[in-house]
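Printed here is query12.cif (mmCIF, C-alpha atoms):
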```cif
data_entry
#
loop_
_atom_site.group_PDB
_atom_site.id
_atom_site.type_symbol
_atom_site.label_atom_id
_atom_site.label_comp_id
_atom_site.auth_asym_id
_atom_site.auth_seq_id
_atom_site.Cartn_x
_atom_site.Cartn_y
_atom_site.Cartn_z
ATOM 1 C CA MET A 4 57.791 -72.389 34.629
ATOM 2 C CA THR A 5 61.397 -71.632 33.688
ATOM 3 C CA ILE A 6 62.863 -68.149 34.170
ATOM 4 C CA GLU A 7 66.305 -67.007 33.129
ATOM 5 C CA VAL A 8 67.697 -63.544 33.819
ATOM 6 C CA VAL A 9 70.727 -62.504 31.787
ATOM 7 C CA ARG A 10 72.705 -59.290 32.204
ATOM 8 C CA TYR A 11 75.021 -57.979 29.497
ATOM 9 C CA GLU A 12 77.692 -55.301 29.981
ATOM 10 C CA PHE A 13 78.764 -53.209 26.973
ATOM 11 C CA GLU A 14 80.952 -50.552 28.598
ATOM 12 C CA GLU A 15 83.951 -51.417 26.399
ATOM 13 C CA TYR A 16 81.792 -51.696 23.261
ATOM 14 C CA PRO A 17 78.880 -49.225 23.641
ATOM 15 C CA ASP A 18 77.798 -49.536 19.999
ATOM 16 C CA GLN A 19 77.177 -53.238 20.561
ATOM 17 C CA LEU A 20 74.404 -52.447 23.054
ATOM 18 C CA ARG A 21 72.317 -50.803 20.334
ATOM 19 C CA ILE A 22 72.962 -53.730 17.975
ATOM 20 C CA TYR A 23 72.036 -56.264 20.650
ATOM 21 C CA PHE A 24 68.936 -54.301 21.702
ATOM 22 C CA THR A 25 67.743 -54.101 18.091
ATOM 23 C CA LYS A 26 68.183 -57.831 17.597
ATOM 24 C CA VAL A 27 66.337 -58.730 20.808
ATOM 25 C CA MET A 28 63.456 -56.388 19.941
ATOM 26 C CA LYS A 29 63.154 -57.835 16.438
ATOM 27 C CA LEU A 30 63.077 -61.342 17.895
ATOM 28 C CA ILE A 31 60.408 -60.372 20.435
ATOM 29 C CA ILE A 32 58.240 -58.724 17.775
ATOM 30 C CA ILE A 33 58.546 -61.734 15.467
ATOM 31 C CA SER A 34 57.689 -64.131 18.305
ATOM 32 C CA LYS A 35 54.529 -62.142 19.165
ATOM 33 C CA LEU A 36 53.326 -61.475 15.620
ATOM 34 C CA ASN A 37 49.887 -62.969 14.917
ATOM 35 C CA CYS A 38 46.530 -62.475 13.224
ATOM 36 C CA LEU A 39 43.072 -64.010 13.120
ATOM 37 C CA ALA A 40 42.844 -66.558 10.318
ATOM 38 C CA THR A 41 39.191 -65.681 9.682
ATOM 39 C CA ASN A 42 39.884 -62.317 8.033
ATOM 40 C CA ARG A 43 41.163 -62.652 4.467
ATOM 41 C CA VAL A 44 42.824 -59.229 4.346
ATOM 42 C CA SER A 45 44.652 -59.909 7.617
ATOM 43 C CA VAL A 46 45.795 -63.336 6.393
ATOM 44 C CA MET A 47 47.078 -62.023 3.072
ATOM 45 C CA TYR A 48 48.956 -59.130 4.648
ATOM 46 C CA PHE A 49 50.323 -61.375 7.396
ATOM 47 C CA ARG A 50 51.694 -63.684 4.699
ATOM 48 C CA GLU A 51 53.340 -60.767 2.918
ATOM 49 C CA LEU A 52 55.012 -59.585 6.139
ATOM 50 C CA VAL A 53 56.249 -63.058 7.054
ATOM 51 C CA LYS A 54 57.697 -63.570 3.583
ATOM 52 C CA ARG A 55 59.826 -60.486 4.156
ATOM 53 C CA ILE A 56 61.411 -61.834 7.358
ATOM 54 C CA GLN A 57 64.433 -63.995 6.666
ATOM 55 C CA GLY A 58 64.089 -67.470 8.170
ATOM 56 C CA CYS A 59 60.419 -66.964 8.996
ATOM 57 C CA ASP A 60 57.353 -69.065 8.229
ATOM 58 C CA TYR A 61 54.077 -69.439 10.106
ATOM 59 C CA HIS A 62 51.633 -71.944 11.480
ATOM 60 C CA SER A 63 47.985 -72.149 12.472
ATOM 61 C CA ILE A 64 46.719 -72.620 16.019
ATOM 62 C CA LYS A 65 43.294 -72.350 17.682
ATOM 63 C CA TYR A 66 42.523 -70.000 20.573
ATOM 64 C CA GLY A 67 38.759 -70.346 20.276
ATOM 65 C CA LYS A 68 39.174 -69.069 16.720
ATOM 66 C CA PRO A 69 41.916 -70.114 14.261
ATOM 67 C CA MET A 70 44.957 -67.839 14.393
ATOM 68 C CA LEU A 71 48.256 -67.543 12.579
ATOM 69 C CA PHE A 72 51.537 -67.194 14.458
ATOM 70 C CA THR A 73 55.127 -67.142 13.299
ATOM 71 C CA LYS A 74 57.512 -70.041 12.950
ATOM 72 C CA PHE A 75 60.997 -68.565 13.161
ATOM 73 C CA MET A 76 64.176 -70.544 12.510
ATOM 74 C CA GLY A 77 62.058 -73.693 12.807
ATOM 75 C CA TYR A 78 60.497 -72.798 16.187
ATOM 76 C CA GLU A 79 56.731 -72.271 16.455
ATOM 77 C CA PHE A 80 55.650 -69.338 18.596
ATOM 78 C CA ASN A 81 52.301 -68.445 20.145
ATOM 79 C CA TYR A 82 50.894 -66.390 23.009
ATOM 80 C CA HIS A 83 52.288 -68.619 25.742
ATOM 81 C CA VAL A 84 55.627 -69.855 24.410
ATOM 82 C CA VAL A 85 57.851 -67.101 25.788
ATOM 83 C CA GLN A 86 57.648 -63.826 27.699
ATOM 84 C CA VAL A 87 60.579 -61.448 27.597
ATOM 85 C CA THR A 88 61.163 -58.377 29.751
ATOM 86 C CA ILE A 89 63.917 -55.882 28.951
ATOM 87 C CA ARG A 90 65.450 -53.396 31.361
ATOM 88 C CA THR A 91 68.371 -51.040 30.788
ATOM 89 C CA LEU A 92 70.279 -50.512 34.027
ATOM 90 C CA SER A 93 72.700 -47.957 32.576
ATOM 91 C CA ASN A 94 73.883 -46.722 29.198
ATOM 92 C CA TYR A 95 76.103 -49.803 29.037
ATOM 93 C CA THR A 96 74.088 -52.483 30.837
ATOM 94 C CA ILE A 97 70.965 -54.337 29.752
ATOM 95 C CA GLU A 98 69.042 -57.058 31.588
ATOM 96 C CA ILE A 99 66.852 -59.598 29.822
ATOM 97 C CA SER A 100 64.346 -61.794 31.681
ATOM 98 C CA ILE A 101 63.124 -64.792 29.662
ATOM 99 C CA GLU A 102 60.169 -66.789 30.970
ATOM 100 C CA SER A 103 58.470 -69.844 29.484
ATOM 101 C CA ILE A 104 56.434 -72.879 30.457
ATOM 102 C CA ILE A 105 58.657 -74.788 28.007
ATOM 103 C CA GLN A 106 62.243 -74.895 29.245
ATOM 104 C CA GLU A 107 63.619 -75.413 25.739
ATOM 105 C CA PHE A 108 62.244 -72.067 24.558
ATOM 106 C CA VAL A 109 64.177 -70.179 27.228
ATOM 107 C CA ARG A 110 67.386 -71.662 25.825
ATOM 108 C CA VAL A 111 66.192 -71.120 22.239
ATOM 109 C CA PHE A 112 65.399 -67.441 22.781
ATOM 110 C CA ASP A 113 68.671 -66.843 24.604
ATOM 111 C CA ARG A 114 70.619 -68.528 21.812
ATOM 112 C CA LEU A 115 68.814 -66.749 18.972
ATOM 113 C CA SER A 116 69.211 -63.347 20.631
ATOM 114 C CA SER A 117 72.886 -63.692 21.541
ATOM 115 C CA ASP A 118 74.442 -65.363 18.492
ATOM 116 C CA THR A 119 76.233 -63.278 15.863
ATOM 117 C CA ARG A 120 73.650 -63.673 13.105
ATOM 118 C CA GLU A 121 71.667 -60.600 12.129
ATOM 119 C CA ILE A 122 67.876 -60.843 12.062
ATOM 120 C CA LYS A 123 66.910 -59.457 8.677
ATOM 121 C CA TRP A 124 63.487 -58.188 7.793
ATOM 122 C CA ASN A 125 62.051 -56.003 5.050
ATOM 123 C CA VAL A 126 63.972 -58.172 2.595
ATOM 124 C CA LEU A 127 62.799 -59.435 -0.779
ATOM 125 C CA PRO A 128 59.875 -61.872 -0.369
ATOM 126 C CA THR A 129 60.716 -65.547 0.059
ATOM 127 C CA SER A 130 58.440 -68.536 -0.381
ATOM 128 C CA ILE A 131 56.372 -69.887 2.481
ATOM 129 C CA THR A 132 57.067 -73.594 2.871
ATOM 130 C CA ASN A 133 54.717 -74.774 5.583
ATOM 131 C CA TYR A 134 51.601 -72.722 4.996
ATOM 132 C CA LEU A 135 48.208 -74.372 4.835
ATOM 133 C CA PRO A 136 45.291 -72.010 4.136
ATOM 134 C CA PRO A 137 42.973 -71.813 7.180
ATOM 135 C CA PRO A 138 39.564 -73.474 6.865
ATOM 136 C CA SER A 139 37.848 -70.154 6.243
ATOM 137 C CA VAL A 140 39.952 -69.437 3.126
ATOM 138 C CA SER A 141 39.953 -71.829 0.179
ATOM 139 C CA HIS A 142 43.141 -72.371 -1.804
ATOM 140 C CA GLU A 143 41.609 -70.723 -4.872
ATOM 141 C CA GLU A 144 40.419 -67.692 -2.898
ATOM 142 C CA SER A 145 43.727 -67.514 -1.068
ATOM 143 C CA THR A 146 45.736 -67.408 -4.286
ATOM 144 C CA LYS A 147 43.436 -64.846 -5.878
ATOM 145 C CA LYS A 148 43.444 -62.591 -2.832
ATOM 146 C CA GLU A 149 47.223 -62.828 -2.495
ATOM 147 C CA LYS A 150 47.692 -61.569 -6.055
ATOM 148 C CA ILE A 151 45.399 -58.629 -5.336
ATOM 149 C CA SER A 152 47.273 -57.855 -2.120
ATOM 150 C CA VAL A 153 50.700 -57.959 -3.749
ATOM 151 C CA THR A 154 49.815 -55.812 -6.743
ATOM 152 C CA GLY A 155 47.765 -53.323 -4.748
ATOM 153 C CA SER A 156 49.935 -52.915 -1.669
ATOM 154 C CA LYS A 157 51.898 -49.868 -2.947
ATOM 155 C CA GLY A 158 54.813 -50.735 -0.686
ATOM 156 C CA GLU A 159 52.705 -50.943 2.465
ATOM 157 C CA GLU A 160 54.713 -53.919 3.745
ATOM 158 C CA LYS A 161 57.893 -51.833 3.535
ATOM 159 C CA VAL A 162 56.201 -49.015 5.421
ATOM 160 C CA THR A 163 55.149 -51.414 8.194
ATOM 161 C CA PHE A 164 58.749 -52.559 8.644
ATOM 162 C CA TYR A 165 60.015 -48.960 8.543
ATOM 163 C CA LEU A 166 57.566 -48.169 11.346
ATOM 164 C CA LEU A 167 58.758 -51.178 13.354
ATOM 165 C CA ASP A 168 62.372 -50.074 12.907
ATOM 166 C CA SER A 169 61.408 -46.599 14.075
ATOM 167 C CA PHE A 170 59.572 -48.082 17.070
ATOM 168 C CA ILE A 171 62.719 -49.975 18.107
ATOM 169 C CA VAL A 172 64.925 -46.894 17.701
ATOM 170 C CA SER A 173 62.483 -44.800 19.757
ATOM 171 C CA LEU A 174 62.413 -47.345 22.582
ATOM 172 C CA HIS A 175 66.212 -47.470 22.611
ATOM 173 C CA ILE A 176 66.377 -43.681 22.930
ATOM 174 C CA LEU A 177 63.926 -43.602 25.848
ATOM 175 C CA MET A 178 65.538 -46.564 27.609
ATOM 176 C CA ASN A 179 68.849 -44.688 27.624
ATOM 177 C CA LEU A 180 67.434 -41.297 28.543
ATOM 178 C CA SER A 181 68.454 -39.746 31.876
ATOM 179 C CA VAL A 182 66.089 -40.615 34.718
ATOM 180 C CA ARG A 183 65.803 -36.877 35.353
ATOM 181 C CA ASP A 184 63.490 -36.802 32.347
ATOM 182 C CA LYS A 185 59.973 -37.897 33.315
ATOM 183 C CA VAL A 186 59.527 -39.964 30.130
ATOM 184 C CA SER A 187 62.781 -41.871 30.632
ATOM 185 C CA LEU A 188 62.461 -45.668 30.470
ATOM 186 C CA LEU A 189 65.880 -46.242 32.023
ATOM 187 C CA GLY A 190 65.504 -48.837 34.785
ATOM 188 C CA LYS A 191 61.896 -49.659 33.830
ATOM 189 C CA ASN A 192 60.647 -53.104 32.850
ATOM 190 C CA ILE A 193 59.528 -53.205 29.224
ATOM 191 C CA GLU A 194 57.540 -56.137 27.843
ATOM 192 C CA ILE A 195 55.904 -56.544 24.441
ATOM 193 C CA LYS A 196 52.728 -58.497 25.185
ATOM 194 C CA ASP A 197 51.186 -58.754 21.743
ATOM 195 C CA VAL A 198 51.804 -57.750 18.123
ATOM 196 C CA SER A 199 48.548 -58.492 16.328
ATOM 197 C CA LEU A 200 47.533 -57.670 12.794
ATOM 198 C CA THR A 201 44.001 -56.450 12.038
ATOM 199 C CA ARG A 202 43.644 -56.104 8.282
ATOM 200 C CA LYS A 203 46.773 -53.996 7.621
ATOM 201 C CA ILE A 204 47.023 -52.292 11.015
ATOM 202 C CA LEU A 205 49.645 -53.631 13.407
ATOM 203 C CA ASN A 206 48.610 -53.317 17.060
ATOM 204 C CA ILE A 207 51.504 -53.314 19.538
ATOM 205 C CA GLU A 208 50.525 -53.902 23.156
ATOM 206 C CA MET A 209 53.340 -53.281 25.613
ATOM 207 C CA LEU A 210 53.830 -53.014 29.365
ATOM 208 C CA VAL A 211 55.921 -50.312 31.013
ATOM 209 C CA ASP A 212 56.288 -51.328 34.663
ATOM 210 C CA ASP A 213 52.892 -53.092 34.416
ATOM 211 C CA GLU A 214 51.151 -50.118 32.755
ATOM 212 C CA THR A 215 49.616 -50.995 29.391
ATOM 213 C CA ILE A 216 50.333 -48.911 26.294
ATOM 214 C CA ILE A 217 48.886 -49.718 22.864
ATOM 215 C CA LEU A 218 50.169 -48.322 19.571
ATOM 216 C CA ASP A 219 48.504 -48.884 16.193
ATOM 217 C CA LEU A 220 50.793 -48.768 13.152
ATOM 218 C CA ASN A 221 48.881 -48.071 9.952
ATOM 219 C CA PRO A 222 50.906 -47.970 6.708
ATOM 220 C CA LYS A 223 47.942 -46.548 4.777
ATOM 221 C CA SER A 224 47.253 -43.670 7.164
ATOM 222 C CA ARG A 225 48.714 -40.175 6.848
ATOM 223 C CA ASP A 226 49.458 -40.194 10.601
ATOM 224 C CA LYS A 227 51.032 -43.686 10.487
ATOM 225 C CA VAL A 228 50.872 -44.105 14.322
ATOM 226 C CA VAL A 229 47.897 -43.875 16.695
ATOM 227 C CA VAL A 230 48.104 -44.226 20.478
ATOM 228 C CA SER A 231 45.037 -46.250 21.524
ATOM 229 C CA LEU A 232 45.971 -46.502 25.203
ATOM 230 C CA ASP A 233 48.517 -44.498 27.182
ATOM 231 C CA ASN A 234 49.724 -44.047 30.744
ATOM 232 C CA ASP A 235 49.567 -40.895 32.855
ATOM 233 C CA ILE A 236 52.928 -39.508 31.760
ATOM 234 C CA LYS A 237 52.156 -40.113 28.063
ATOM 235 C CA ILE A 238 54.904 -42.590 27.240
ATOM 236 C CA GLY A 239 52.860 -43.739 24.246
ATOM 237 C CA GLU A 240 52.629 -40.229 22.809
ATOM 238 C CA THR A 241 56.355 -39.759 23.390
ATOM 239 C CA ILE A 242 57.122 -42.981 21.511
ATOM 240 C CA LYS A 243 54.820 -41.855 18.687
ATOM 241 C CA SER A 244 56.543 -38.478 18.450
ATOM 242 C CA LEU A 245 59.991 -40.091 18.318
ATOM 243 C CA MET A 246 58.800 -42.677 15.797
ATOM 244 C CA LEU A 247 57.610 -40.000 13.401
ATOM 245 C CA GLN A 248 60.891 -38.091 13.822
ATOM 246 C CA ASN A 249 62.925 -41.230 13.083
ATOM 247 C CA TYR A 250 60.611 -42.621 10.412
ATOM 248 C CA ILE A 251 62.191 -42.820 6.949
ATOM 249 C CA ASP A 252 59.824 -43.521 4.060
#
```
Spit out the file's structure as structure tokens when you get a sec.
Amino acid sequence: MTIEVVRYEFEEYPDQLRIYFTKVMKLIIISKLNCLATNRVSVMYFRELVKRIQGCDYHSIKYGKPMLFTKFMGYEFNYHVVQVTIRTLSNYTIEISIESIIQEFVRVFDRLSSDTREIKWNVLPTSITNYLPPPSVSHEESTKKEKISVTGSKGEEKVTFYLLDSFIVSLHILMNLSVRDKVSLLGKNIEIKDVSLTRKILNIEMLVDDETIILDLNPKSRDKVVVSLDNDIKIGETIKSLMLQNYID
């Protein structure tokens, strides 16, 4: 197991902290994004999301059942490739802990998160180069279903990315909130454990100092965000409230 802890100071350039935080969060979300390959709706929507992430593709892997995970900038991710914990120590200081059983992925994640290139998502769809339909979906069915998904989505993919952007903004606000506020995440360890797609609902499982919080992002729902699991001080509900305030449709 390889662990690297990196601390960045942004006192002279405070705006850069927000930019860096956003990039790291996007990279974490992309690296954790997955779906079961046995559900056609999930597969089609997963494909549409991936096509809207610049430099992103995906691959199939078996965890008992076939699953799809992302392949970003040529690197294949899955549940066990990398774990990243973020902690803001002050309004100008952020600490990133990167852990992996594969030493190369610690260096890869550090490099991808700290270079000057922007991670762009919610862009115009690009072609998927390495996709092979999972065994449960024939090529003919896959093509037919994809056409239905694209024409009937009504911009749902855009809404999903808007919700993810709002999620990142909300976390940034809470992680820079004064510790005098009970919902402040300043100084707390934040880890995104899983970002799984079930049909068109994106389930985000996160840890806040080892307490599990689960948010469901549903682009088709009026409410858009549901808190499936929360901690005692209602961090999940606070994130939801901020997300809906910052959400731009």
Problem - Distance query 12 Å from (58.3, -60.5, 5.3) using all atoms listed in the file, result as a count of residues only - result: 36
Exercise for the section: I need the residue set behind the PyMOL selection byres ((chain A and resi 244-248) around 12) for this file; please write it as an NGL selection string. Expected result: :A and (165-177 or 186 or 218 or 220 or 225-230 or 237-243 or 249-252)
Completion exercise
Computed gap from CA of Ser224 (chain A) to CA of Leu188 (chain A) is 27.9 Å
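If you measure from each of A:Gln106, A:Asn221, A:Ser63, A:Ser34 to Arg202 (chain A) using only C-alpha atoms, the closest one turns out to be A:Asn221.
Distance check against Thr201 (chain A) using only C-alpha atoms: of A:Phe108, A:Asp219, A:Ile97, A:Phe24, the minimum falls on A:Asp219.
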